[in-house]
Amino acid sequence: INTDGTTSDGSHFRRIDETTFMLNYVKYKIRDGHIEVIGYDSSEIELTLKGKVDLYSTIEIDNVSYNVREIENMAFYECSSLKEINIPNSINVIGSRVFAGCKFLEKVNLPNSINIIYSETFSRCSSLAHIDIPESVEEIGESAFSYCSSLTHIDIPESVEEIGASAFYKCSSLTHIDIPESVEEIGGYAFYGC
């Protein structure tokens, strides 16, 4: 991001305050020497981006380069205009309920840099038919994929040790799942209503 507010790739930029800004209709915040994704502009994601969001891995602003490391809890909560999102490998935390209620989200790539899929991260993503869980994930949190009614199959990698309560609750289209020997704990109601 140049000092005059223009960007190297032509993306839309708007400064909100000293540490917060919008870049291509996604809200970012500088915290503790890195950047977090904290929100979005729903109407512009629909109208301008046609539902497809590409998050940045590094952003240079005010002549300082920052890694984008985290998507804050509920950052895209109930973003009904979101259809596809690309998450870079710089991100190592995707918080709770980040995509909960994104009912038209069809495509998401999870980076190999995350260890936990937190509670309700994809809850009620009713258009999500497939997702690849990376081999870095050790825990699938409570209700992580609950009510993902289009999810047909899930491959759980050997790295996963815990599947939280209600993790796949009411995934009514789920027909196939392989649970590896690495899993030590499966919470109550994990596959209820499948």
# chains A, B, ... in the order shown; residues from 1 in each chain; ligands from 1
$ select_by_dssp --residues "stretch 38-83 of chain A" --states "strand (DSSP E or B)" --output "number ranges by chain"
A: 38-40, 52-54, 58-61, 64-71
$ write_last_selection --atoms "N, CA, C and O atoms" --output "PDB file, in the first residue's frame"
ATOM      1  N   ILE A  38     -10.306  -9.059  10.418  1.00  0.00           N
ATOM      2  CA  ILE A  38     -11.315  -8.856  11.468  1.00  0.00           C
ATOM      3  C   ILE A  38     -12.738  -8.629  10.947  1.00  0.00           C
ATOM      4  O   ILE A  38     -13.681  -8.614  11.724  1.00  0.00           O
ATOM      5  N   GLY A  39     -12.929  -8.468   9.636  1.00  0.00           N
ATOM      6  CA  GLY A  39     -14.289  -8.227   9.146  1.00  0.00           C
ATOM      7  C   GLY A  39     -14.342  -8.098   7.638  1.00  0.00           C
ATOM      8  O   GLY A  39     -13.377  -8.400   6.940  1.00  0.00           O
ATOM      9  N   TYR A  40     -15.470  -7.601   7.141  1.00  0.00           N
ATOM     10  CA  TYR A  40     -15.685  -7.549   5.697  1.00  0.00           C
ATOM     11  C   TYR A  40     -16.768  -6.533   5.353  1.00  0.00           C
ATOM     12  O   TYR A  40     -17.529  -6.083   6.220  1.00  0.00           O
ATOM     13  N   LYS A  52     -16.014 -13.947  -4.395  1.00  0.00           N
ATOM     14  CA  LYS A  52     -14.706 -14.607  -4.243  1.00  0.00           C
ATOM     15  C   LYS A  52     -13.731 -13.681  -3.521  1.00  0.00           C
ATOM     16  O   LYS A  52     -13.476 -12.566  -3.984  1.00  0.00           O
ATOM     17  N   VAL A  53     -13.176 -14.162  -2.405  1.00  0.00           N
ATOM     18  CA  VAL A  53     -12.247 -13.373  -1.600  1.00  0.00           C
ATOM     19  C   VAL A  53     -10.883 -14.065  -1.579  1.00  0.00           C
ATOM     20  O   VAL A  53     -10.793 -15.263  -1.322  1.00  0.00           O
ATOM     21  N   ASP A  54      -9.837 -13.291  -1.853  1.00  0.00           N
ATOM     22  CA  ASP A  54      -8.458 -13.761  -1.729  1.00  0.00           C
ATOM     23  C   ASP A  54      -7.802 -12.964  -0.608  1.00  0.00           C
ATOM     24  O   ASP A  54      -7.654 -11.742  -0.729  1.00  0.00           O
ATOM     25  N   THR A  58       1.036 -11.278   3.062  1.00  0.00           N
ATOM     26  CA  THR A  58       1.815 -10.162   3.608  1.00  0.00           C
ATOM     27  C   THR A  58       1.262  -8.865   3.053  1.00  0.00           C
ATOM     28  O   THR A  58       0.781  -8.816   1.918  1.00  0.00           O
ATOM     29  N   ILE A  59       1.322  -7.837   3.874  1.00  0.00           N
ATOM     30  CA  ILE A  59       0.868  -6.506   3.462  1.00  0.00           C
ATOM     31  C   ILE A  59       1.911  -5.505   3.916  1.00  0.00           C
ATOM     32  O   ILE A  59       2.342  -5.515   5.070  1.00  0.00           O
ATOM     33  N   GLU A  60       2.323  -4.646   2.984  1.00  0.00           N
ATOM     34  CA  GLU A  60       3.238  -3.559   3.346  1.00  0.00           C
ATOM     35  C   GLU A  60       2.443  -2.275   3.426  1.00  0.00           C
ATOM     36  O   GLU A  60       1.814  -1.853   2.454  1.00  0.00           O
ATOM     37  N   ILE A  61       2.456  -1.664   4.608  1.00  0.00           N
ATOM     38  CA  ILE A  61       1.734  -0.411   4.824  1.00  0.00           C
ATOM     39  C   ILE A  61       2.620   0.514   5.651  1.00  0.00           C
ATOM     40  O   ILE A  61       3.294   0.061   6.583  1.00  0.00           O
ATOM     41  N   VAL A  64       6.225  -0.561   6.228  1.00  0.00           N
ATOM     42  CA  VAL A  64       6.511  -1.708   7.107  1.00  0.00           C
ATOM     43  C   VAL A  64       5.759  -2.917   6.559  1.00  0.00           C
ATOM     44  O   VAL A  64       4.578  -2.829   6.216  1.00  0.00           O
ATOM     45  N   SER A  65       6.451  -4.050   6.458  1.00  0.00           N
ATOM     46  CA  SER A  65       5.837  -5.277   5.943  1.00  0.00           C
ATOM     47  C   SER A  65       5.359  -6.154   7.106  1.00  0.00           C
ATOM     48  O   SER A  65       6.094  -6.370   8.066  1.00  0.00           O
ATOM     49  N   TYR A  66       4.120  -6.626   7.018  1.00  0.00           N
ATOM     50  CA  TYR A  66       3.523  -7.462   8.064  1.00  0.00           C
ATOM     51  C   TYR A  66       3.024  -8.781   7.463  1.00  0.00           C
ATOM     52  O   TYR A  66       2.506  -8.794   6.349  1.00  0.00           O
ATOM     53  N   ASN A  67       3.153  -9.848   8.225  1.00  0.00           N
ATOM     54  CA  ASN A  67       2.520 -11.116   7.854  1.00  0.00           C
ATOM     55  C   ASN A  67       1.081 -11.111   8.353  1.00  0.00           C
ATOM     56  O   ASN A  67       0.804 -10.644   9.452  1.00  0.00           O
ATOM     57  N   VAL A  68       0.184 -11.660   7.532  1.00  0.00           N
ATOM     58  CA  VAL A  68      -1.205 -11.831   7.956  1.00  0.00           C
ATOM     59  C   VAL A  68      -1.280 -13.195   8.626  1.00  0.00           C
ATOM     60  O   VAL A  68      -1.114 -14.221   7.977  1.00  0.00           O
ATOM     61  N   ARG A  69      -1.519 -13.219   9.953  1.00  0.00           N
ATOM     62  CA  ARG A  69      -1.380 -14.462  10.709  1.00  0.00           C
ATOM     63  C   ARG A  69      -2.677 -15.057  11.236  1.00  0.00           C
ATOM     64  O   ARG A  69      -2.717 -16.227  11.594  1.00  0.00           O
ATOM     65  N   GLU A  70      -3.724 -14.269  11.342  1.00  0.00           N
ATOM     66  CA  GLU A  70      -4.911 -14.758  12.042  1.00  0.00           C
ATOM     67  C   GLU A  70      -6.194 -14.219  11.412  1.00  0.00           C
ATOM     68  O   GLU A  70      -6.223 -13.099  10.909  1.00  0.00           O
ATOM     69  N   ILE A  71      -7.232 -15.056  11.448  1.00  0.00           N
ATOM     70  CA  ILE A  71      -8.583 -14.590  11.119  1.00  0.00           C
ATOM     71  C   ILE A  71      -9.336 -14.600  12.445  1.00  0.00           C
ATOM     72  O   ILE A  71      -9.519 -15.646  13.061  1.00  0.00           O
TER      73      ILE A  71
END
$ closest_atom_pairs --of "stretch 139-159 of chain A" --to "stretch 92-106 of chain A" --cutoff "9 Å" --atoms "only C-alpha atoms" --output "JSON lines"
{"residue": "A:Gly141", "atom": "CA", "partner": "A:Ser96", "partner_atom": "CA", "distance": 8.9}
{"residue": "A:Ala144", "atom": "CA", "partner": "A:Arg97", "partner_atom": "CA", "distance": 8.1}
{"residue": "A:Phe145", "atom": "CA", "partner": "A:Ala100", "partner_atom": "CA", "distance": 8.9}
{"residue": "A:Cys148", "atom": "CA", "partner": "A:Lys103", "partner_atom": "CA", "distance": 8.9}
$ write_last_selection --atoms "all heavy atoms" --output "PDB file, in the first residue's frame"
ATOM      1  N   GLY A 141     -12.817 -28.889  16.459  1.00  0.00           N
ATOM      2  CA  GLY A 141     -13.544 -28.383  17.622  1.00  0.00           C
ATOM      3  C   GLY A 141     -15.026 -28.689  17.630  1.00  0.00           C
ATOM      4  O   GLY A 141     -15.597 -29.215  16.667  1.00  0.00           O
ATOM      5  N   ALA A 144     -17.813 -27.810  14.814  1.00  0.00           N
ATOM      6  CA  ALA A 144     -17.009 -27.175  13.757  1.00  0.00           C
ATOM      7  C   ALA A 144     -17.709 -27.198  12.403  1.00  0.00           C
ATOM      8  O   ALA A 144     -17.668 -26.224  11.655  1.00  0.00           O
ATOM      9  CB  ALA A 144     -15.642 -27.845  13.658  1.00  0.00           C
ATOM     10  N   PHE A 145     -18.367 -28.325  12.069  1.00  0.00           N
ATOM     11  CA  PHE A 145     -19.057 -28.466  10.783  1.00  0.00           C
ATOM     12  C   PHE A 145     -20.555 -28.768  10.982  1.00  0.00           C
ATOM     13  O   PHE A 145     -21.190 -29.297  10.079  1.00  0.00           O
ATOM     14  CB  PHE A 145     -18.413 -29.583   9.959  1.00  0.00           C
ATOM     15  CG  PHE A 145     -16.989 -29.293   9.564  1.00  0.00           C
ATOM     16  CD1 PHE A 145     -15.931 -29.769  10.328  1.00  0.00           C
ATOM     17  CD2 PHE A 145     -16.707 -28.536   8.437  1.00  0.00           C
ATOM     18  CE1 PHE A 145     -14.618 -29.502   9.968  1.00  0.00           C
ATOM     19  CE2 PHE A 145     -15.390 -28.259   8.077  1.00  0.00           C
ATOM     20  CZ  PHE A 145     -14.347 -28.740   8.848  1.00  0.00           C
ATOM     21  N   CYS A 148     -23.761 -28.587   8.267  1.00  0.00           N
ATOM     22  CA  CYS A 148     -23.245 -28.457   6.894  1.00  0.00           C
ATOM     23  C   CYS A 148     -23.988 -29.507   6.066  1.00  0.00           C
ATOM     24  O   CYS A 148     -23.466 -30.591   5.790  1.00  0.00           O
ATOM     25  CB  CYS A 148     -21.733 -28.666   6.855  1.00  0.00           C
ATOM     26  SG  CYS A 148     -20.802 -27.294   7.549  1.00  0.00           S
TER      27      CYS A 148
END
$ residues_around --residues "A:Asn109" --least-positions-apart "4" --cutoff "12 Å" --atoms "only C-alpha atoms" --output "list of chain:residue names"
A:Val53, A:Asp54, A:Leu55, A:Glu84, A:Ile85, A:Asn86, A:Ile87, A:Pro88, A:Asn89, A:Ile91, A:Ile94, A:Leu105, A:Ser113, A:Ile114, A:Leu128, A:His130, A:Ile131, A:Asp132, A:Ile133, A:Pro134
$ write_last_selection --atoms "all heavy atoms" --output "compact mmCIF listing (two decimals), in the first residue's frame"
# COMPACT_ATOMS: atom_id res chain seq x y z
N VAL A 53 -13.18 -14.16 -2.40
CA VAL A 53 -12.25 -13.37 -1.60
C VAL A 53 -10.88 -14.06 -1.58
O VAL A 53 -10.79 -15.26 -1.32
CB VAL A 53 -12.78 -13.19 -0.16
CG1 VAL A 53 -11.72 -12.59 0.75
CG2 VAL A 53 -14.03 -12.33 -0.16
N ASP A 54 -9.84 -13.29 -1.85
CA ASP A 54 -8.46 -13.76 -1.73
C ASP A 54 -7.80 -12.96 -0.61
O ASP A 54 -7.65 -11.74 -0.73
CB ASP A 54 -7.68 -13.54 -3.04
CG ASP A 54 -8.20 -14.40 -4.17
OD1 ASP A 54 -8.25 -15.63 -4.01
OD2 ASP A 54 -8.57 -13.83 -5.23
N LEU A 55 -7.43 -13.65 0.47
CA LEU A 55 -6.75 -12.97 1.57
C LEU A 55 -5.27 -12.83 1.24
O LEU A 55 -4.69 -13.66 0.55
CB LEU A 55 -6.93 -13.76 2.86
CG LEU A 55 -8.37 -13.93 3.36
CD1 LEU A 55 -8.38 -14.74 4.66
CD2 LEU A 55 -9.05 -12.58 3.57
N GLU A 84 -16.55 -18.15 -2.15
CA GLU A 84 -15.25 -18.81 -2.23
C GLU A 84 -14.22 -17.96 -1.51
O GLU A 84 -14.23 -16.73 -1.61
CB GLU A 84 -14.86 -18.97 -3.70
CG GLU A 84 -13.55 -19.66 -3.93
CD GLU A 84 -13.23 -19.84 -5.41
OE1 GLU A 84 -14.16 -19.76 -6.26
OE2 GLU A 84 -12.05 -20.05 -5.72
N ILE A 85 -13.31 -18.60 -0.76
CA ILE A 85 -12.25 -17.86 -0.08
C ILE A 85 -10.94 -18.63 -0.17
O ILE A 85 -10.92 -19.85 -0.03
CB ILE A 85 -12.62 -17.53 1.38
CG1 ILE A 85 -11.57 -16.60 2.00
CG2 ILE A 85 -12.83 -18.78 2.22
CD1 ILE A 85 -12.06 -15.85 3.22
N ASN A 86 -9.87 -17.90 -0.47
CA ASN A 86 -8.52 -18.45 -0.52
C ASN A 86 -7.75 -17.94 0.69
O ASN A 86 -7.58 -16.73 0.86
CB ASN A 86 -7.80 -18.05 -1.81
CG ASN A 86 -8.39 -18.75 -3.01
OD1 ASN A 86 -8.59 -19.96 -3.00
ND2 ASN A 86 -8.69 -17.99 -4.06
N ILE A 87 -7.30 -18.88 1.52
CA ILE A 87 -6.60 -18.54 2.76
C ILE A 87 -5.12 -18.91 2.60
O ILE A 87 -4.81 -20.07 2.36
CB ILE A 87 -7.22 -19.29 3.95
CG1 ILE A 87 -8.72 -18.99 4.06
CG2 ILE A 87 -6.51 -18.92 5.26
CD1 ILE A 87 -9.46 -19.86 5.06
N PRO A 88 -4.21 -17.94 2.74
CA PRO A 88 -2.79 -18.24 2.55
C PRO A 88 -2.18 -19.02 3.72
O PRO A 88 -2.72 -19.03 4.82
CB PRO A 88 -2.16 -16.85 2.44
CG PRO A 88 -3.06 -15.97 3.24
CD PRO A 88 -4.44 -16.52 3.07
N ASN A 89 -1.01 -19.63 3.46
CA ASN A 89 -0.32 -20.42 4.48
C ASN A 89 0.30 -19.58 5.59
O ASN A 89 0.79 -20.12 6.57
CB ASN A 89 0.76 -21.30 3.85
CG ASN A 89 0.16 -22.56 3.24
OD1 ASN A 89 -0.81 -23.10 3.73
ND2 ASN A 89 0.75 -23.02 2.15
N ILE A 91 -1.44 -17.78 7.50
CA ILE A 91 -2.45 -17.78 8.56
C ILE A 91 -2.32 -19.04 9.40
O ILE A 91 -2.41 -20.15 8.89
CB ILE A 91 -3.86 -17.68 7.95
CG1 ILE A 91 -3.96 -16.41 7.14
CG2 ILE A 91 -4.95 -17.85 9.00
CD1 ILE A 91 -5.02 -15.44 7.37
N ILE A 94 -7.43 -19.70 12.64
CA ILE A 94 -8.75 -19.34 12.10
C ILE A 94 -9.70 -19.51 13.27
O ILE A 94 -9.93 -20.62 13.74
CB ILE A 94 -9.15 -20.25 10.92
CG1 ILE A 94 -8.14 -20.11 9.76
CG2 ILE A 94 -10.56 -19.90 10.42
CD1 ILE A 94 -8.36 -21.10 8.62
N LEU A 105 -21.29 -20.31 0.97
CA LEU A 105 -19.87 -20.66 0.84
C LEU A 105 -19.74 -22.07 0.28
O LEU A 105 -20.22 -23.03 0.86
CB LEU A 105 -19.18 -20.56 2.20
CG LEU A 105 -17.68 -20.90 2.22
CD1 LEU A 105 -16.88 -19.91 1.38
CD2 LEU A 105 -17.16 -20.91 3.66
N SER A 113 -0.96 -24.50 7.78
CA SER A 113 -0.34 -23.84 8.92
C SER A 113 -1.23 -23.83 10.16
O SER A 113 -0.84 -23.34 11.20
CB SER A 113 0.01 -22.40 8.52
OG SER A 113 -1.08 -21.80 7.84
N ILE A 114 -2.45 -24.38 10.05
CA ILE A 114 -3.35 -24.38 11.22
C ILE A 114 -3.31 -25.73 11.95
O ILE A 114 -3.13 -26.76 11.33
CB ILE A 114 -4.81 -24.02 10.84
CG1 ILE A 114 -5.41 -25.04 9.88
CG2 ILE A 114 -4.89 -22.61 10.26
CD1 ILE A 114 -6.91 -24.93 9.74
N LEU A 128 -21.57 -25.93 1.51
CA LEU A 128 -20.23 -26.52 1.49
C LEU A 128 -20.34 -28.03 1.31
O LEU A 128 -20.77 -28.74 2.19
CB LEU A 128 -19.50 -26.19 2.80
CG LEU A 128 -18.00 -26.45 2.87
CD1 LEU A 128 -17.24 -25.58 1.87
CD2 LEU A 128 -17.49 -26.20 4.28
N HIS A 130 -17.66 -30.06 0.07
CA HIS A 130 -16.39 -30.75 0.27
C HIS A 130 -15.38 -29.81 0.91
O HIS A 130 -15.37 -28.62 0.61
CB HIS A 130 -15.84 -31.24 -1.08
CG HIS A 130 -14.50 -31.89 -0.97
ND1 HIS A 130 -14.34 -33.15 -0.44
CD2 HIS A 130 -13.26 -31.44 -1.27
CE1 HIS A 130 -13.05 -33.45 -0.46
NE2 HIS A 130 -12.38 -32.43 -0.96
N ILE A 131 -14.55 -30.35 1.78
CA ILE A 131 -13.45 -29.58 2.35
C ILE A 131 -12.29 -30.53 2.65
O ILE A 131 -12.51 -31.66 3.08
CB ILE A 131 -13.90 -28.81 3.62
CG1 ILE A 131 -12.82 -27.80 4.03
CG2 ILE A 131 -14.24 -29.75 4.76
CD1 ILE A 131 -13.33 -26.72 4.95
N ASP A 132 -11.09 -30.07 2.35
CA ASP A 132 -9.88 -30.85 2.65
C ASP A 132 -9.32 -30.36 3.98
O ASP A 132 -8.97 -29.18 4.10
CB ASP A 132 -8.83 -30.69 1.55
CG ASP A 132 -9.22 -31.41 0.27
OD1 ASP A 132 -9.75 -32.53 0.37
OD2 ASP A 132 -9.01 -30.85 -0.82
N ILE A 133 -9.22 -31.26 4.94
CA ILE A 133 -8.62 -30.92 6.22
C ILE A 133 -7.12 -31.18 6.10
O ILE A 133 -6.71 -32.30 5.82
CB ILE A 133 -9.25 -31.73 7.36
CG1 ILE A 133 -10.74 -31.39 7.48
CG2 ILE A 133 -8.53 -31.47 8.68
CD1 ILE A 133 -11.50 -32.22 8.48
N PRO A 134 -6.29 -30.16 6.32
CA PRO A 134 -4.85 -30.36 6.14
C PRO A 134 -4.23 -31.26 7.21
O PRO A 134 -4.77 -31.41 8.30
CB PRO A 134 -4.29 -28.93 6.23
CG PRO A 134 -5.33 -28.12 6.87
CD PRO A 134 -6.64 -28.78 6.64
$ closest_residue --among "A:Ser57, A:Ser127, A:Ser119, A:Ser143" --to "A:Tyr192" --atoms "only C-alpha atoms"
A:Ser143
$ residues_around --residues "A:Leu23" --least-positions-apart "6" --cutoff "7 Å" --atoms "only C-alpha atoms" --output "list in words"
Ser11, His12, Phe13 and Arg14 of chain A
$ closest_residue --among "A:Glu78, A:Glu72, A:Asp4, A:Glu135" --to "A:Lys29" --atoms "only C-alpha atoms"
A:Glu72
$ atom_distance --atom1 "atom CA of A:Ser149" --atom2 "atom CA of A:Ser80"
16.0 Å
$ atom_distance --atom1 "atom CA of A:Thr7" --atom2 "atom CA of A:Tyr25"
13.4 Å
$ residues_around --residues "A:Thr20" --least-positions-apart "2" --cutoff "10 Å" --atoms "only C-alpha atoms" --output "PDB file with N, CA and C atoms, in the first residue's frame"
ATOM      1  N   ARG A  14      -8.910   1.477   1.889  1.00  0.00           N
ATOM      2  CA  ARG A  14      -9.492   2.578   2.669  1.00  0.00           C
ATOM      3  C   ARG A  14      -8.999   2.464   4.101  1.00  0.00           C
ATOM      4  N   ARG A  15      -8.367   3.516   4.586  1.00  0.00           N
ATOM      5  CA  ARG A  15      -7.879   3.535   5.968  1.00  0.00           C
ATOM      6  C   ARG A  15      -9.031   3.881   6.908  1.00  0.00           C
ATOM      7  N   ILE A  16      -9.151   3.148   8.004  1.00  0.00           N
ATOM      8  CA  ILE A  16     -10.202   3.404   8.989  1.00  0.00           C
ATOM      9  C   ILE A  16      -9.624   4.183  10.173  1.00  0.00           C
ATOM     10  N   ASP A  17      -8.505   3.715  10.707  1.00  0.00           N
ATOM     11  CA  ASP A  17      -7.761   4.452  11.731  1.00  0.00           C
ATOM     12  C   ASP A  17      -6.288   4.065  11.607  1.00  0.00           C
ATOM     13  N   GLU A  18      -5.474   4.381  12.607  1.00  0.00           N
ATOM     14  CA  GLU A  18      -4.032   4.148  12.503  1.00  0.00           C
ATOM     15  C   GLU A  18      -3.661   2.680  12.302  1.00  0.00           C
ATOM     16  N   MET A  22      -9.373  -1.235   5.276  1.00  0.00           N
ATOM     17  CA  MET A  22     -10.049  -2.152   4.359  1.00  0.00           C
ATOM     18  C   MET A  22      -9.145  -2.329   3.146  1.00  0.00           C
ATOM     19  N   LEU A  23      -8.943  -3.579   2.735  1.00  0.00           N
ATOM     20  CA  LEU A  23      -8.178  -3.868   1.534  1.00  0.00           C
ATOM     21  C   LEU A  23      -8.960  -4.896   0.739  1.00  0.00           C
ATOM     22  N   LYS A  27     -11.593  -6.323   6.046  1.00  0.00           N
ATOM     23  CA  LYS A  27     -11.061  -5.449   7.087  1.00  0.00           C
ATOM     24  C   LYS A  27      -9.888  -6.123   7.795  1.00  0.00           C
ATOM     25  N   TYR A  28      -8.752  -5.413   7.852  1.00  0.00           N
ATOM     26  CA  TYR A  28      -7.528  -5.902   8.482  1.00  0.00           C
ATOM     27  C   TYR A  28      -7.151  -4.982   9.645  1.00  0.00           C
ATOM     28  N   LYS A  29      -6.458  -5.559  10.640  1.00  0.00           N
ATOM     29  CA  LYS A  29      -5.986  -4.763  11.775  1.00  0.00           C
ATOM     30  C   LYS A  29      -4.564  -5.177  12.134  1.00  0.00           C
ATOM     31  N   ILE A  30      -3.701  -4.171  12.364  1.00  0.00           N
ATOM     32  CA  ILE A  30      -2.327  -4.432  12.808  1.00  0.00           C
ATOM     33  C   ILE A  30      -2.351  -4.651  14.316  1.00  0.00           C
ATOM     34  N   ARG A  31      -1.815  -5.810  14.743  1.00  0.00           N
ATOM     35  CA  ARG A  31      -1.764  -6.135  16.172  1.00  0.00           C
ATOM     36  C   ARG A  31      -0.462  -6.852  16.489  1.00  0.00           C
ATOM     37  N   ILE A  35      -0.669  -8.863  11.255  1.00  0.00           N
ATOM     38  CA  ILE A  35      -1.994  -8.397  10.840  1.00  0.00           C
ATOM     39  C   ILE A  35      -3.021  -9.507  11.026  1.00  0.00           C
ATOM     40  N   GLU A  36      -4.222  -9.098  11.462  1.00  0.00           N
ATOM     41  CA  GLU A  36      -5.343 -10.022  11.606  1.00  0.00           C
ATOM     42  C   GLU A  36      -6.488  -9.577  10.702  1.00  0.00           C
ATOM     43  N   VAL A  37      -7.217 -10.565  10.187  1.00  0.00           N
ATOM     44  CA  VAL A  37      -8.443 -10.290   9.419  1.00  0.00           C
ATOM     45  C   VAL A  37      -9.567 -10.177  10.441  1.00  0.00           C
ATOM     46  N   ILE A  38     -10.306  -9.059  10.418  1.00  0.00           N
ATOM     47  CA  ILE A  38     -11.315  -8.856  11.468  1.00  0.00           C
ATOM     48  C   ILE A  38     -12.738  -8.629  10.947  1.00  0.00           C
TER      49      ILE A  38
END
$ closest_residue --among "A:Asp178, A:Glu142, A:Asp62, A:Glu184" --to "A:Val160" --atoms "only C-alpha atoms"
A:Glu184
$ closest_residue --among "A:Phe76, A:Asn2, A:Ser146, A:Leu47" --to "A:Gly193" --atoms "only C-alpha atoms"
A:Ser146
$ select_by_dssp --residues "stretch 13-193 of chain A" --states "alpha helix (DSSP H)" --output "list in words"
Ser42, Ser43, Glu44, Ile45, Glu46 and Leu47 of chain A
$ write_last_selection --atoms "C-alpha atoms" --output "JSON list (two decimals), in the first residue's frame"
[["chain", "number", "residue", "atom", "x", "y", "z"],
["A", 42, "SER", "CA", -20.70, -7.78, 2.50],
["A", 43, "SER", "CA", -22.24, -5.70, -0.28],
["A", 44, "GLU", "CA", -18.90, -5.10, -2.03],
["A", 45, "ILE", "CA", -17.93, -8.78, -1.72],
["A", 46, "GLU", "CA", -21.13, -9.55, -3.60],
["A", 47, "LEU", "CA", -21.15, -6.71, -6.14]]
$ closest_residue --among "A:Ile117, A:Val108, A:Leu49, A:Ile154" --to "A:Pro180" --atoms "only C-alpha atoms"
A:Ile154
